[in-house]
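Data block for query20.cif (mmCIF, C-alpha atoms):
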data_run
loop_
_atom_site.label_atom_id
_atom_site.label_comp_id
_atom_site.auth_asym_id
_atom_site.auth_seq_id
_atom_site.Cartn_x
_atom_site.Cartn_y
_atom_site.Cartn_z
CA MET G 196 61.68 57.89 89.26
CA SER G 197 64.31 55.21 89.74
CA ASN G 198 66.78 55.41 92.64
CA GLU G 199 69.46 53.69 90.57
CA LEU G 200 72.59 55.73 89.93
CA HIS G 201 73.19 56.43 86.24
CA HIS G 202 76.72 56.48 84.86
CA LEU G 203 78.28 57.68 81.61
CA LEU G 204 80.79 55.44 79.85
CA THR G 205 82.93 56.46 76.89
CA GLY G 206 85.03 54.21 74.75
CA ARG G 207 85.43 52.27 71.52
CA LEU G 208 83.51 49.27 70.25
CA ARG G 209 85.62 46.12 70.31
CA GLN G 210 83.50 44.34 67.69
CA GLU G 211 80.30 44.71 65.72
CA PRO G 212 77.18 44.88 67.95
CA PHE G 213 75.30 41.57 68.25
CA LEU G 214 71.50 41.72 68.03
CA ALA G 215 69.25 38.90 69.22
CA TYR G 216 65.64 38.54 70.34
CA THR G 217 64.25 37.07 73.53
CA ARG G 218 61.65 34.27 73.32
CA GLY G 219 59.07 37.00 73.74
CA GLY G 220 60.40 38.90 70.73
CA VAL G 221 62.14 41.72 72.63
CA PRO G 222 65.30 42.98 70.88
CA VAL G 223 68.53 42.89 72.89
CA CYS G 224 71.83 44.19 71.53
CA LYS G 225 75.16 43.19 73.11
CA ILE G 226 78.17 45.49 72.87
CA SER G 227 81.75 45.08 74.07
CA LEU G 228 83.20 48.47 74.99
CA ALA G 229 86.86 49.37 75.61
CA LEU G 230 86.66 52.21 78.13
CA ASP G 231 88.69 55.35 77.58
CA GLN G 232 91.83 55.20 79.74
CA LYS G 233 94.82 57.41 80.40
CA GLU G 234 97.92 56.71 78.30
CA GLY G 235 99.71 53.57 79.46
CA GLU G 236 96.82 52.21 81.58
CA LYS G 237 95.49 48.71 81.01
CA THR G 238 92.37 48.52 78.83
CA VAL G 239 89.14 47.91 80.74
CA TRP G 240 86.35 46.12 78.87
CA LYS G 241 82.65 46.39 79.76
CA ASN G 242 79.78 44.31 78.45
CA VAL G 243 76.86 46.55 77.54
CA ILE G 244 73.24 45.53 76.96
CA VAL G 245 70.88 47.72 74.94
CA TRP G 246 67.20 46.70 74.99
CA GLY G 247 64.28 47.33 72.65
CA ARG G 248 64.21 49.73 69.72
CA LEU G 249 67.36 51.43 70.99
CA GLY G 250 69.11 48.05 70.68
CA GLU G 251 67.89 47.63 67.12
CA SER G 252 69.13 51.14 66.28
CA ALA G 253 72.49 50.39 67.92
CA LYS G 254 72.91 47.36 65.63
CA VAL G 255 72.20 49.48 62.55
CA PHE G 256 74.25 52.57 63.37
CA LEU G 257 77.19 51.37 65.48
CA LYS G 258 80.28 49.80 63.94
CA LYS G 259 83.45 48.21 65.30
CA GLY G 260 85.90 50.93 66.34
CA ASN G 261 83.29 53.67 66.81
CA HIS G 262 83.92 55.99 69.74
CA ILE G 263 80.63 56.13 71.67
CA PHE G 264 79.00 57.53 74.80
CA ILE G 265 76.62 55.32 76.78
CA GLU G 266 74.44 56.32 79.73
CA GLY G 267 72.95 53.64 81.95
CA ILE G 268 73.23 51.55 85.08
CA PHE G 269 75.43 48.70 86.29
CA LYS G 270 73.64 45.43 87.07
CA SER G 271 74.90 42.09 88.29
CA SER G 272 73.26 38.69 88.47
CA GLU G 273 74.27 35.30 89.82
CA TYR G 274 73.69 31.77 88.60
CA VAL G 275 75.03 28.27 89.17
CA ASP G 276 76.60 26.64 86.10
CA ARG G 277 76.28 22.97 85.09
CA GLU G 278 79.32 22.07 87.21
CA GLY G 279 77.71 23.61 90.29
CA GLN G 280 79.98 26.67 90.33
CA ARG G 281 78.50 30.03 91.33
CA LYS G 282 78.99 32.63 88.58
CA VAL G 283 78.48 36.39 88.69
CA VAL G 284 77.68 38.32 85.52
CA GLU G 285 78.21 42.08 85.49
CA GLU G 286 76.68 44.18 82.72
CA PHE G 287 76.03 47.79 81.96
CA VAL G 288 72.43 48.34 80.84
CA ALA G 289 72.22 51.32 78.48
CA SER G 290 69.41 53.84 78.46
CA LYS G 291 71.07 56.25 75.98
CA VAL G 292 73.67 55.71 73.26
CA ALA G 293 75.47 58.35 71.15
CA VAL G 294 78.24 58.17 68.57
CA SER G 295 81.10 60.65 68.95
CA LEU G 296 81.65 62.98 66.02
CA ASN G 297 85.36 62.94 66.88
CA GLN G 298 86.33 59.53 65.46
#
Target encoding structure tokens, full file:
Amino acid sequence: MSNELHHLLTGRLRQEPFLAYTRGGVPVCKISLALDQKEGEKTVWKNVIVWGRLGESAKVFLKKGNHIFIEGIFKSSEYVDREGQRKVVEEFVASKVAVSLNQ
């Protein structure tokens, strides 16, 4: 059992999901999610990664504008770009994805 804290995000897809494959052939789907906010609050966007068969299914069934629920964990990684600048990438890695029936 993992000690990582799972979170539930709800929101709308900003664009169509993007599906790619790693060099090893593992599917990875990228989603941009506008989180649900209270009226008048600034929109918060989260980058979501969906791996494997769930990622392939996300590409098939999710469409821009869909209201969805995503369960998963937050992860961050660091790298140094070509100019020598340290960059931090924050992503939400999904373990479950569901489409809201209330569109």
(request) Would you please work out which residue, of G:Arg277, G:Lys282, G:His202, G:Arg218, is nearest to Phe264 of chain G when using only C-alpha atoms? (result) G:His202
Using all atoms of segment 233-244 of chain G that appear in the file, construct an axis-aligned enclosing box with 3 Å of padding on every side and provide its centre coordinates and edge lengths in Å, rounded to one decimal, as JSON.
{"center_x": 86.5, "center_y": 50.9, "center_z": 79.3, "size_x": 32.5, "size_y": 19.1, "size_z": 10.6}
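Minimum atom-to-atom distance to Val255 of chain G, evaluated using only C-alpha atoms, belongs to G:Leu214 out of G:Leu230, G:Val223, G:Leu214, G:Leu296.
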Shell around Lys241 of chain G at 8 Å using all atoms listed in the file, local window under 2 positions removed, as a PDB file with C-alpha atoms, in the frame of the given file:
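Written output follows (result-v4.pdb):
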ATOM      1  CA  SER G 227      81.750  45.080  74.070  1.00  0.00           C
ATOM      2  CA  LEU G 228      83.200  48.470  74.990  1.00  0.00           C
ATOM      3  CA  ALA G 229      86.860  49.370  75.610  1.00  0.00           C
ATOM      4  CA  LEU G 230      86.660  52.210  78.130  1.00  0.00           C
ATOM      5  CA  VAL G 239      89.140  47.910  80.740  1.00  0.00           C
ATOM      6  CA  VAL G 243      76.860  46.550  77.540  1.00  0.00           C
ATOM      7  CA  GLU G 286      76.680  44.180  82.720  1.00  0.00           C
ATOM      8  CA  PHE G 287      76.030  47.790  81.960  1.00  0.00           C
TER       9      PHE G 287
END
(request) Using all atoms listed in the file, collect all residues at a distance of at most 9 Å from (72.6, 47.2, 62.0) as written in the file, then present them as a PyMOL selection string. (result) chain G and resi 211-214+251-258
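Here the question is which of G:Gly267, G:Gly279, G:Gly235, G:Gly247 gets nearest to Thr205 of chain G using only C-alpha atoms, and that residue is G:Gly267.
Note that atom CA of Ser295 of chain G and atom CA of Thr238 of chain G are 19.3 Å apart.
The residues caught by the PyMOL selection byres ((chain G and resi 261) around 6) in this file are Arg207, Leu208, Lys258, Lys259, Gly260 and His262 of chain G.
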(request) Please indicate the distance in Å from atom CA of Trp246 of chain G to atom CA of Val221 of chain G, rounded to one decimal place. (result) 7.5 Å
Fewer than 4 positions away in the same chain doesn't count, so skip those; otherwise give me all residues within 10 Å of Glu199 of chain G, counting only C-alpha atoms, as a short mmCIF file (atom, residue, chain, number, x, y, z; two decimals) with C-alpha atoms, in the coordinates of the input.
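Generated file (around35.cif):
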data_model
loop_
_atom_site.label_atom_id
_atom_site.label_comp_id
_atom_site.auth_asym_id
_atom_site.auth_seq_id
_atom_site.Cartn_x
_atom_site.Cartn_y
_atom_site.Cartn_z
CA GLY G 267 72.95 53.64 81.95
CA ILE G 268 73.23 51.55 85.08
CA PHE G 269 75.43 48.70 86.29
CA LYS G 270 73.64 45.43 87.07
#
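With atom CA of Gln210 of chain G on one side and atom CA of Val283 of chain G on the other, the separation reads 23.0 Å.
Across G:Cys224, G:Ile265, G:Ala289, G:Ala215, the tightest approach to Gly250 of chain G is made by G:Cys224 when counting only C-alpha atoms.
In terms of minimum interatomic distance to Val294 of chain G, G:Glu266 ranks closest within G:Glu266, G:Pro222, G:Ser271, G:Glu278, counting only C-alpha atoms.
Of the residues under consideration (G:Leu249, G:Leu203, G:Gln232, G:Ala293), G:Ala293 shows the shortest atom-to-atom contact distance to Ile263 of chain G when counting all atoms listed in the file.
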